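One structure is given below, encoded as structure tokens.
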Amino acid sequence: MTDKPKDTKTGGLAGVVAGKTSIATVGKEGAGLTYFGYDIEDLAGNASFEEVAYLLLYDEMPSQKELDDFRTRLINSRDIPKPLADTLENIPATAHPMDVLRTGCSMLGCIEPENNFNNQHTIAERLLAVFPSILLYWHHFSENNRRIETRSDAPSIAGHFLNLLHGQPPNKMFEQAMDVSLTLYAEHEFNASTFAARVSTATLSDFYSGITAAIGTLRGPLHGGANEAAMALIDRFKTPDEAEDGTLKALANKELIMGFGHRVYRDNDPRSNIIKSWAQQLAAKTGDTRLYPVSQRIEKVMWDEKKLFPNLDFYSASAYHFMGIPVPMFTPIFVCSRIAGWAAHMIEQRADNKLIRPVADYVGPKPRSVVPIDQRPSSR
């Protein structure tokens with residue numbers, strides 16, 4: 001028999017301060033999200049994702065020249081080297097796209113290794129630029145055996161992604177909505193994947209290893225994948241009334257409804273209303289009369305019954321659907337955005353590094369001695 005933990009209040013390190021950061025505030029006074037002091041609503045409404053990514057990587061908003069130069073560097077970094085393309089072509093179509101990004105990142109680290117930490121910003125920009133190319137090159141090859149050109153002159157990552165996906169320049173509303181989505185997902189303090197990246201970085205491992213660790217952590221359904229699960233739920237219902245009945249039954253059966261509540265935010269997710277507004281606009285643009293009303297009814301039921309608010313993932317699901325994005329790509333889009341935040345944290349960790357090595361409360365057996373094997377009882 002083992003002793004029980006004395007204190008379960010900090011399960012999963014909830015509420016434990018694990019370090020300092022100047023990058024973001026999350027859940028301050030129960031709400032709020034800022035990147036280097038800029039409120040998320042201000043950034044989503046008045047800055048492009050490229051400006052936000054620059055802010056995260058370089059601590060300040062860019063001037064026009066700095067932004068133009070940054071965009072030029074990103075455009076010139078979208079190509080996939082042949083050894084990486086060969087690797088992507090050998091990944092089966094049945095693979096999850098998150099596994100593709102994880103493998104692509106690791107392979108690129110073999111081809112273009114980080115020989116010293118002086119190149120960390122260059123590598124961060126390279127990954128920011130190339131992740132959409134990696135994902136969509138594999139997508140088209142695995143689906144249609146077609147090799148696509150991953151270079152484009154689209155000034156935005158949002159436009160580049162949608163262009164590669166659909167094979168034509170995107171509708172401006174779609175591009176703007178995607179751009180805002182990338183900003184909303186770009187950074188979120190010491191979440192699980194970011195913390196994994198910082199733990200890897202603290203060992204003085206290379207940049208690619210930290211990002212691969214982060215992708216692998218985001219791969220888990222308790223961190224990433226909520227928007228995919230939310231889309232599966234929303235798409236089950238044909239009418240708002242059916243959605244209400246179905247959600248009530250799911251709650252009665254104690255089913256987990258993904259896309260609601262948050263580990264840190266207590267009252268609301270400040271990103272949710274922003275993406276909800278875009279989902280509404282996209283619904284009107286595409287002529288949807290089902291998914292958005294169904295989403296609204298599910299939101300109402302969850303608040304009335306459980307006092308749970310929608311988080312960013314819930315309305316992102318329908319927004320991505322309206323843009324014609326396949327559901328398995330929902331979480332990989334998270335990667336294409338969060339690479340900026342992960343990189344910022346890795347750079348910050350390196351600037352004042354200490355090995356991250358917490359301790360644990362031991363709850364195992366008391367001291368004992370080895371018994372000769374012929375005297376041991378069966379353990380089963």
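How things are named: the first chain in the structure tokens is A, the next is B, and so on; residues count from 1 in each chain; ligands count from 1 in the order shown.
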Every residue of segment 109-271 of chain A that DSSP places in alpha helix (DSSP H), as a ChimeraX atom specification: /A:109-111,120-144,157-166,172-185,192-202,207-218,226-234,240-252
Within 9 Å of Phe117 of chain A using only C-alpha atoms, minus same-chain residues under 6 positions, as a tab-separated table (two decimals) with N, CA and C atoms, in the first residue's frame:
```tsv
chain	number	residue	atom	x	y	z
A	206	ASP	N	18.99	22.21	-28.79
A	206	ASP	CA	18.87	23.08	-29.95
A	206	ASP	C	17.43	23.56	-30.14
A	207	PHE	N	17.26	24.53	-31.00
A	207	PHE	CA	15.97	25.18	-31.23
A	207	PHE	C	14.92	24.20	-31.74
A	350	ARG	N	16.70	31.24	-22.85
A	350	ARG	CA	18.14	31.24	-23.09
A	350	ARG	C	18.83	32.48	-22.53
```
Who sits within 8 Å of segment 271-283 of chain A, only C-alpha atoms, same chain under 5 positions skipped, as an NGL selection string: :A and (40-41 or 44 or 173-174 or 177 or 180-181 or 184 or 288-289 or 291-292 or 310-316 or 318-319 or 322-323)
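Within 12 Å of Lys28 of chain A, once only C-alpha atoms are used and residues closer than 3 positions along the same chain are dropped, the contacting residues are Ala24, Thr25, Ala31, Gly32, Leu33, Thr34, Asp39, Glu189, Val264, Tyr265, Arg266, Asp267, Asn268, Asp269 and Pro270 of chain A.
Nearest to Tyr185 of chain A of all the residues A:Ser142, A:Ser378, A:Thr72, A:Asn227 is A:Asn227, counting only C-alpha atoms.
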Contacts of Leu101 of chain A at 10 Å (only C-alpha atoms; same-chain gap of 2+ positions) as a PyMOL selection string: chain A and resi 88+96-99+103-107+131-135+138+212+215-216+332+335-336
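The interatomic distance for the pair atom CA of Gly37 of chain A and atom CA of Leu355 of chain A works out to 27.3 Å.
The coordinates place atom CA of Asn191 of chain A at 10.0 Å from atom CA of Ala214 of chain A.
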Pick out the residues sitting within 10 Å of Ala192 of chain A, and hand them over as a PDB file with N, CA and C atoms, in the first residue's frame; count only C-alpha atoms, and ignore anything fewer than 5 positions along from it in its own chain.
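So selection.pdb came out as:
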```pdb
ATOM      1  N   GLY A  12      -1.206  18.839 -11.459  1.00  0.00           N
ATOM      2  CA  GLY A  12      -0.921  19.460 -12.752  1.00  0.00           C
ATOM      3  C   GLY A  12      -0.253  20.810 -12.623  1.00  0.00           C
ATOM      4  N   ALA A 197       8.577  23.389 -24.239  1.00  0.00           N
ATOM      5  CA  ALA A 197       9.646  24.014 -25.026  1.00  0.00           C
ATOM      6  C   ALA A 197      10.697  24.642 -24.121  1.00  0.00           C
ATOM      7  N   ARG A 198      10.246  25.283 -23.043  1.00  0.00           N
ATOM      8  CA  ARG A 198      11.196  25.924 -22.127  1.00  0.00           C
ATOM      9  C   ARG A 198      12.006  24.881 -21.362  1.00  0.00           C
ATOM     10  N   ALA A 214       7.402  20.932 -28.152  1.00  0.00           N
ATOM     11  CA  ALA A 214       6.160  21.697 -28.041  1.00  0.00           C
ATOM     12  C   ALA A 214       5.073  21.099 -28.932  1.00  0.00           C
ATOM     13  N   THR A 217       3.707  17.965 -27.450  1.00  0.00           N
ATOM     14  CA  THR A 217       2.846  18.245 -26.303  1.00  0.00           C
ATOM     15  C   THR A 217       1.482  18.747 -26.758  1.00  0.00           C
ATOM     16  N   LEU A 218       1.468  19.611 -27.747  1.00  0.00           N
ATOM     17  CA  LEU A 218       0.205  20.118 -28.287  1.00  0.00           C
ATOM     18  C   LEU A 218      -0.594  19.002 -28.951  1.00  0.00           C
ATOM     19  N   GLY A 220      -1.375  16.245 -27.774  1.00  0.00           N
ATOM     20  CA  GLY A 220      -2.267  15.603 -26.811  1.00  0.00           C
ATOM     21  C   GLY A 220      -3.631  16.268 -26.756  1.00  0.00           C
ATOM     22  N   LEU A 222      -5.722  16.879 -24.450  1.00  0.00           N
ATOM     23  CA  LEU A 222      -6.041  17.776 -23.343  1.00  0.00           C
ATOM     24  C   LEU A 222      -5.414  19.155 -23.526  1.00  0.00           C
ATOM     25  N   HIS A 223      -4.614  19.318 -24.564  1.00  0.00           N
ATOM     26  CA  HIS A 223      -4.034  20.638 -24.856  1.00  0.00           C
ATOM     27  C   HIS A 223      -4.508  21.121 -26.224  1.00  0.00           C
ATOM     28  N   GLY A 224      -4.184  20.387 -27.272  1.00  0.00           N
ATOM     29  CA  GLY A 224      -4.675  20.722 -28.605  1.00  0.00           C
ATOM     30  C   GLY A 224      -5.865  19.847 -28.970  1.00  0.00           C
TER      31      GLY A 224
END
```
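Here atom CA of Glu89 of chain A is placed at a distance of 6.6 Å from atom CA of Phe141 of chain A.
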